[in-house]
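Contents: one structure, followed by commentary.
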Amino acid sequence: MKLAFFKRGSQWIPTVMVLAVILLAGGRLIALSVQQRAENMRETAGALVVRYGASIEQQLQKLAERAGKSGARAELDQLLSSLQLSRLIDPEYDFELSKIDAAGGRPRVFVSTRMSPLDDAVVSRIRAPAGFSQDLPSGYVQLALRPKTGWYPARELAAAIALLAVVAWLLAFATHDLVHNLHRAQQALRLSRRQLQLTNRKLAAEIEERENLQQSFEHSRYHDAFTGLPNRRYFMDQLDRALREVRTRRRARIAVMLINIDRFKLINDTLGHTAGDELVVQAARRFQKTAAPLQCVLARWSGDQFAVLVLDVHSAEGALNIAALLQRALQDPFELRKHRLTVAARVGVTYIETGLQRAEEAVREADLALSVAKRHESATAVAYQAGMGGSAASLVSLEADLHVALERRELHLLFQPIVDLRTQRAAGVEALLRWRHPIEGTLTPDKFLGVAEEGGLINSITRWTIARACTLASEWQQRLPRGTEFYLSINLSAAALRDPELGAYVAGVLKETGALPKSLKFELTEGGLISNPGAAREILDGLHELGVEMMLDDFGTGYSSLSYLQLFPFDYVKIDRPFVDRAGSERKNTAVAAAIVQMASSLGLKSVAEIVETEAAARDLEQMGCDYAQGYFYSEPVEADQAFKVLRTWDGSIPLGRRSAPVQPDSLEDNSPTIVSEEAVVLSDDTVILPADAVAERMRRDT
């Protein structure tokens, strides 16, 4: 409080000082002015009194001469009294004419404008006229003159003092206002400085935060947020720089590797995405530890892929050795959410010596090598070869053509009869998909279904197949004799089971076409079920509730797990080729096939043997109690119309490919030859003719 009071009081100090200075200076000026004015008036009064004195002397001389002429003796006092001084002297002055006694007597006043003695006046001695000197033996006559207003007028003095007071007040007020404004300006300046300092601190903090954010942004821009490894952008920048160094001979050779973790999607689907993320992080740490001694760049390329840029490699074999070293880093089991899993990896490698290609081309070569490694069962690390580019281009072209295959109606179905071994009649047919490519010719599913899955077309193809099969089933149902039972079986891939609307689509197609649910069956492999058992069971249960039966295809070649037969609503088991086509020639195979048939029968399932190509195999299957069979021994895949004829008339006693007796003609058929397969031609009379080389091949396989 004292400090604040002192601060407030200090504001008046300049005002008081200015006021004191002004008053002192003004007072001094007024005093000097008074003194100067008094001196000037005294000088003026002195001149006047001398002049008036001379005039009085003349008047006295005249009076004295006049009195002398008249003969009368006049005294000096009379002469002095008779002077009319009021007319002679300026009325602005007070005057006094007196006789001064030199002996010190009291002066005698003859004429005066004041009642009191005239003090502080200018005096002038007046000489007495001749003849009157005896009247002043010891004195003299004196004229005293003084301004009536004094030597300095009081009015002017008051005006000067008032003016000084006004000026002092104005200057004091101006000084106080100036000091107050200056103080306010100083306070505002101090406040501005504090605000500026605060703003500077905030700005410095924001700049630091911005720099940290910029560093974080740069780090996140070039690094994977999950694993902390460099990302694809950083890897491509480093690869581009390395290629320039190779071109300028500052670096000899480099290698680019793409590493793909096997079964990553399966782990995500079965154990959850958290387990998949843990797998990626642990794999990244192992790769970092393995690649630490090497001069390389390890980056996260995609969800389940890593990229490695080796900056110092001597040969392609050396690059493959490094790839093998990275693969061995994954040999130890991974601990994922209380599960111990062993994970492998596929590696695509490209070895670069010239550096003439761009970074994108180098990565493409490694990706092509990785694609080849994925297709190989044994070669887990593959180096890029020049011919791989052509294969990839063919796949790209094939995918582009597949997008318009449905619109151009290039997809086609062939049908292979399935024979009831008890009645030797065709119980149904399996729908086999073909693509009549305008350039490549007829393509089997193994040539294009993988491309369809990668291109996202598998669901459209599956739905087209189901719709086509249901349409044919409805037509055949109307054309066959009443009470005839048959079915069409369709293969479902693992990708098709990921379609959550598959059950609703099948129900809608059955209702739209009028086909009976029992006339439709779906074949599935164990590989398609293991990828996502939960979703597959939900879809299959829904289809089974519609009345559609299920077949477990290729039993005996995969895991052959009995749990699948109990977990999923299967009605049929299809025995795969290794236990069928050599039946009758090897007792071991016959025993395995018989065991599978017996097991299916004990579980209440019907058995279907695939790819039956010899009479001995057909006979053995019939003896061991197998329910159904299909294969070239009975019939090749045929067109829809030919398959309908088989269902209507064929007794199955003689294979279709070797029959000499014609099938009953159908009035709806035309007379043009029909291509049944790549080996057979059906003439207008429904006689099937095989080429000589096809007959020889069949005889060789039969023997």
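By order of appearance in the structure tokens: chains A, B, ..., then residues from 1 within every chain, and ligands from 1 in the order shown.
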Contacts of region 218-223 of chain A within 6 Å, only C-alpha atoms, excl. fewer than 5 positions in-chain, as a short mmCIF file (atom, residue, chain, number, x, y, z; two decimals) with N, CA and C atoms, in the first residue's frame:
data_model
loop_
_atom_site.label_atom_id
_atom_site.label_comp_id
_atom_site.auth_asym_id
_atom_site.auth_seq_id
_atom_site.Cartn_x
_atom_site.Cartn_y
_atom_site.Cartn_z
N GLY A 228 6.76 -49.48 -35.83
CA GLY A 228 7.88 -48.57 -35.71
C GLY A 228 8.88 -48.68 -36.84
N LEU A 229 8.68 -49.59 -37.77
CA LEU A 229 9.58 -49.75 -38.90
C LEU A 229 9.32 -48.67 -39.95
N PRO A 230 10.29 -48.39 -40.81
CA PRO A 230 10.01 -47.50 -41.95
C PRO A 230 8.87 -48.04 -42.79
N ASN A 231 8.11 -47.15 -43.39
CA ASN A 231 6.98 -47.58 -44.20
C ASN A 231 7.35 -47.64 -45.68
N ARG A 233 6.69 -45.58 -48.15
CA ARG A 233 7.21 -44.33 -48.72
C ARG A 233 8.71 -44.20 -48.47
N TYR A 234 9.12 -44.45 -47.22
CA TYR A 234 10.53 -44.35 -46.88
C TYR A 234 11.34 -45.39 -47.66
#
**Message:** For Arg125 (chain A), find every residue with an atom within 10 Å (counting only C-alpha atoms), except residues of its own chain fewer than 4 positions away, and show them as an MDAnalysis selection string.
**Reply:** chainID A and resid 49:50 53:54 57 97:100 140:144
Any chance you can output those residues with N, CA and C atoms as a PDB file, in the first residue's frame?
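Everything below was put into part04.pdb:
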ATOM      1  N   VAL A  49      10.240  66.797 -14.758  1.00  0.00           N
ATOM      2  CA  VAL A  49      10.412  67.709 -13.635  1.00  0.00           C
ATOM      3  C   VAL A  49      11.440  68.803 -13.950  1.00  0.00           C
ATOM      4  N   VAL A  50      12.450  68.425 -14.760  1.00  0.00           N
ATOM      5  CA  VAL A  50      13.430  69.442 -15.180  1.00  0.00           C
ATOM      6  C   VAL A  50      12.756  70.445 -16.093  1.00  0.00           C
ATOM      7  N   GLY A  53      10.413  72.467 -14.122  1.00  0.00           N
ATOM      8  CA  GLY A  53      11.185  73.405 -13.269  1.00  0.00           C
ATOM      9  C   GLY A  53      11.642  74.627 -14.055  1.00  0.00           C
ATOM     10  N   ALA A  54      12.087  74.380 -15.268  1.00  0.00           N
ATOM     11  CA  ALA A  54      12.511  75.498 -16.110  1.00  0.00           C
ATOM     12  C   ALA A  54      11.334  76.389 -16.428  1.00  0.00           C
ATOM     13  N   GLU A  57      10.558  78.413 -13.447  1.00  0.00           N
ATOM     14  CA  GLU A  57      11.522  79.495 -13.309  1.00  0.00           C
ATOM     15  C   GLU A  57      11.158  80.658 -14.232  1.00  0.00           C
ATOM     16  N   LEU A  97       5.127  71.722  -4.835  1.00  0.00           N
ATOM     17  CA  LEU A  97       6.071  72.843  -4.882  1.00  0.00           C
ATOM     18  C   LEU A  97       6.263  73.333  -3.444  1.00  0.00           C
ATOM     19  N   SER A  98       7.475  73.210  -3.009  1.00  0.00           N
ATOM     20  CA  SER A  98       7.738  73.525  -1.601  1.00  0.00           C
ATOM     21  C   SER A  98       9.073  74.238  -1.475  1.00  0.00           C
ATOM     22  N   LYS A  99       9.215  74.897  -0.330  1.00  0.00           N
ATOM     23  CA  LYS A  99      10.484  75.570  -0.021  1.00  0.00           C
ATOM     24  C   LYS A  99      11.173  74.736   1.023  1.00  0.00           C
ATOM     25  N   ILE A 100      12.380  74.407   0.722  1.00  0.00           N
ATOM     26  CA  ILE A 100      13.157  73.531   1.574  1.00  0.00           C
ATOM     27  C   ILE A 100      14.112  74.361   2.385  1.00  0.00           C
ATOM     28  N   TYR A 140      15.931  76.487  -0.486  1.00  0.00           N
ATOM     29  CA  TYR A 140      15.712  76.531  -1.924  1.00  0.00           C
ATOM     30  C   TYR A 140      14.289  76.057  -2.190  1.00  0.00           C
ATOM     31  N   VAL A 141      13.861  76.329  -3.442  1.00  0.00           N
ATOM     32  CA  VAL A 141      12.525  75.899  -3.873  1.00  0.00           C
ATOM     33  C   VAL A 141      12.676  74.569  -4.643  1.00  0.00           C
ATOM     34  N   GLN A 142      11.756  73.714  -4.347  1.00  0.00           N
ATOM     35  CA  GLN A 142      11.862  72.352  -4.939  1.00  0.00           C
ATOM     36  C   GLN A 142      10.520  71.953  -5.513  1.00  0.00           C
ATOM     37  N   LEU A 143      10.612  71.332  -6.713  1.00  0.00           N
ATOM     38  CA  LEU A 143       9.413  70.765  -7.362  1.00  0.00           C
ATOM     39  C   LEU A 143       9.536  69.247  -7.316  1.00  0.00           C
ATOM     40  N   ALA A 144       8.586  68.606  -6.700  1.00  0.00           N
ATOM     41  CA  ALA A 144       8.548  67.120  -6.605  1.00  0.00           C
ATOM     42  C   ALA A 144       7.459  66.592  -7.533  1.00  0.00           C
TER      43      ALA A 144
END
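You can rank A:Thr614, A:Thr175, A:Ser33, A:Thr442 by their closest distance to Ala160 (chain A) using only C-alpha atoms, and at the top of that list sits A:Ser33.
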**Prompt:** What are the DSSP strand (DSSP E or B) residues of region 405-541 of chain A, as an MDAnalysis selection string?
**Reply:** chainID A and resid 411:420 425:437 441:443 487:491 520:525
**Message:** With only C-alpha atoms as the counted atoms, please give the residues lying no more than 8 Å from Ile461 (chain A), apart from itself and same-chain residues fewer than 4 positions off, as an MDAnalysis selection string.
**Reply:** chainID A and resid 406 457 465
Residues from the last selection, N, CA and C atoms, saved as a short mmCIF file (atom, residue, chain, number, x, y, z; two decimals), in the first residue's frame:
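The resulting selection27.cif:
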data_model
loop_
_atom_site.label_atom_id
_atom_site.label_comp_id
_atom_site.auth_asym_id
_atom_site.auth_seq_id
_atom_site.Cartn_x
_atom_site.Cartn_y
_atom_site.Cartn_z
N LEU A 406 -18.80 -62.66 -68.15
CA LEU A 406 -20.21 -62.88 -67.87
C LEU A 406 -21.10 -62.12 -68.85
N LEU A 457 -14.33 -61.38 -58.26
CA LEU A 457 -15.41 -61.81 -59.16
C LEU A 457 -15.98 -63.17 -58.79
N THR A 465 -23.40 -69.50 -61.66
CA THR A 465 -23.43 -70.96 -61.72
C THR A 465 -24.66 -71.51 -61.04
#
**Item:** Secondary structure check, helix (DSSP H, G or I) residues of region 377-501 of chain A, as a PyMOL selection string
**Value:** chain A and resi 388-402+445-454+458-479+496-498
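In this model, the gap between CA of Asp94 (chain A) and CA of Ala38 (chain A) comes to 15.6 Å.
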**Request:** Name all residues at most 10 Å from Leu621 (chain A) (count only C-alpha atoms; drop same-chain ones fewer than 3 positions away) and give them as JSON, numbers by chain.
**Result:** {"A": [421, 580, 583, 584, 590, 593, 594, 597, 608, 609, 612, 615, 616, 617, 618, 624, 625, 626, 627, 628, 629]}
What's the 9 Å shell around region 331-348 of chain A, counting only C-alpha atoms, without same-chain residues fewer than 2 positions away, as a PDB file with C-alpha atoms, in the first residue's frame?
ATOM      1  CA  VAL A 256      15.210 -56.074 -53.036  1.00  0.00           C
ATOM      2  CA  MET A 257      13.174 -58.619 -51.088  1.00  0.00           C
ATOM      3  CA  LEU A 258       9.473 -58.891 -50.321  1.00  0.00           C
ATOM      4  CA  ILE A 259       8.604 -61.184 -47.397  1.00  0.00           C
ATOM      5  CA  ASN A 260       5.081 -62.560 -47.039  1.00  0.00           C
ATOM      6  CA  ILE A 261       3.980 -64.289 -43.823  1.00  0.00           C
ATOM      7  CA  ASP A 262       2.098 -67.499 -44.528  1.00  0.00           C
ATOM      8  CA  ARG A 263      -1.344 -68.143 -43.022  1.00  0.00           C
ATOM      9  CA  PHE A 264      -1.615 -64.597 -41.735  1.00  0.00           C
ATOM     10  CA  LEU A 271      -7.506 -66.055 -33.340  1.00  0.00           C
ATOM     11  CA  THR A 274      -5.170 -58.768 -32.117  1.00  0.00           C
ATOM     12  CA  ALA A 275      -3.259 -62.011 -32.527  1.00  0.00           C
ATOM     13  CA  GLY A 276      -2.435 -61.048 -36.103  1.00  0.00           C
ATOM     14  CA  GLU A 278       1.018 -59.385 -32.255  1.00  0.00           C
ATOM     15  CA  LEU A 279       2.383 -61.728 -34.911  1.00  0.00           C
ATOM     16  CA  GLN A 282       7.018 -60.099 -33.114  1.00  0.00           C
ATOM     17  CA  ALA A 283       8.035 -60.919 -36.680  1.00  0.00           C
ATOM     18  CA  LEU A 320      18.950 -65.836 -51.470  1.00  0.00           C
ATOM     19  CA  ALA A 323      16.423 -64.431 -47.560  1.00  0.00           C
ATOM     20  CA  ALA A 324      16.949 -67.870 -46.016  1.00  0.00           C
ATOM     21  CA  LEU A 326      15.366 -64.051 -42.557  1.00  0.00           C
ATOM     22  CA  GLN A 327      13.138 -67.086 -42.977  1.00  0.00           C
ATOM     23  CA  ARG A 328      15.008 -68.957 -40.252  1.00  0.00           C
ATOM     24  CA  ALA A 329      14.256 -66.079 -37.898  1.00  0.00           C
ATOM     25  CA  THR A 350      15.375 -59.402 -57.228  1.00  0.00           C
ATOM     26  CA  GLU A 365      10.172 -57.836 -59.978  1.00  0.00           C
ATOM     27  CA  ALA A 366      10.375 -58.814 -56.318  1.00  0.00           C
ATOM     28  CA  ASP A 367       6.580 -59.062 -56.184  1.00  0.00           C
ATOM     29  CA  LEU A 368       6.528 -61.334 -59.239  1.00  0.00           C
ATOM     30  CA  ALA A 369       9.146 -63.560 -57.625  1.00  0.00           C
ATOM     31  CA  LEU A 370       7.037 -63.618 -54.450  1.00  0.00           C
ATOM     32  CA  SER A 371       3.981 -64.668 -56.461  1.00  0.00           C
ATOM     33  CA  VAL A 372       5.967 -67.579 -57.900  1.00  0.00           C
ATOM     34  CA  ALA A 373       7.166 -68.502 -54.405  1.00  0.00           C
ATOM     35  CA  LYS A 374       3.569 -68.582 -53.177  1.00  0.00           C
ATOM     36  CA  ALA A 379      10.590 -73.179 -53.078  1.00  0.00           C
ATOM     37  CA  THR A 380       9.906 -70.643 -50.306  1.00  0.00           C
ATOM     38  CA  ALA A 381      12.467 -68.096 -51.592  1.00  0.00           C
ATOM     39  CA  VAL A 382      12.523 -67.362 -55.331  1.00  0.00           C
ATOM     40  CA  ALA A 383      14.768 -65.012 -57.293  1.00  0.00           C
ATOM     41  CA  TYR A 384      13.291 -63.027 -60.152  1.00  0.00           C
TER      42      TYR A 384
END
**Asked** Hey, what's within 8 Å of Ala427 (chain A) if we count only C-alpha atoms and toss same-chain stuff fewer than 2 positions away? As a PyMOL selection string, please?
**Response** chain A and resi 417-420+425+429+485-487+647
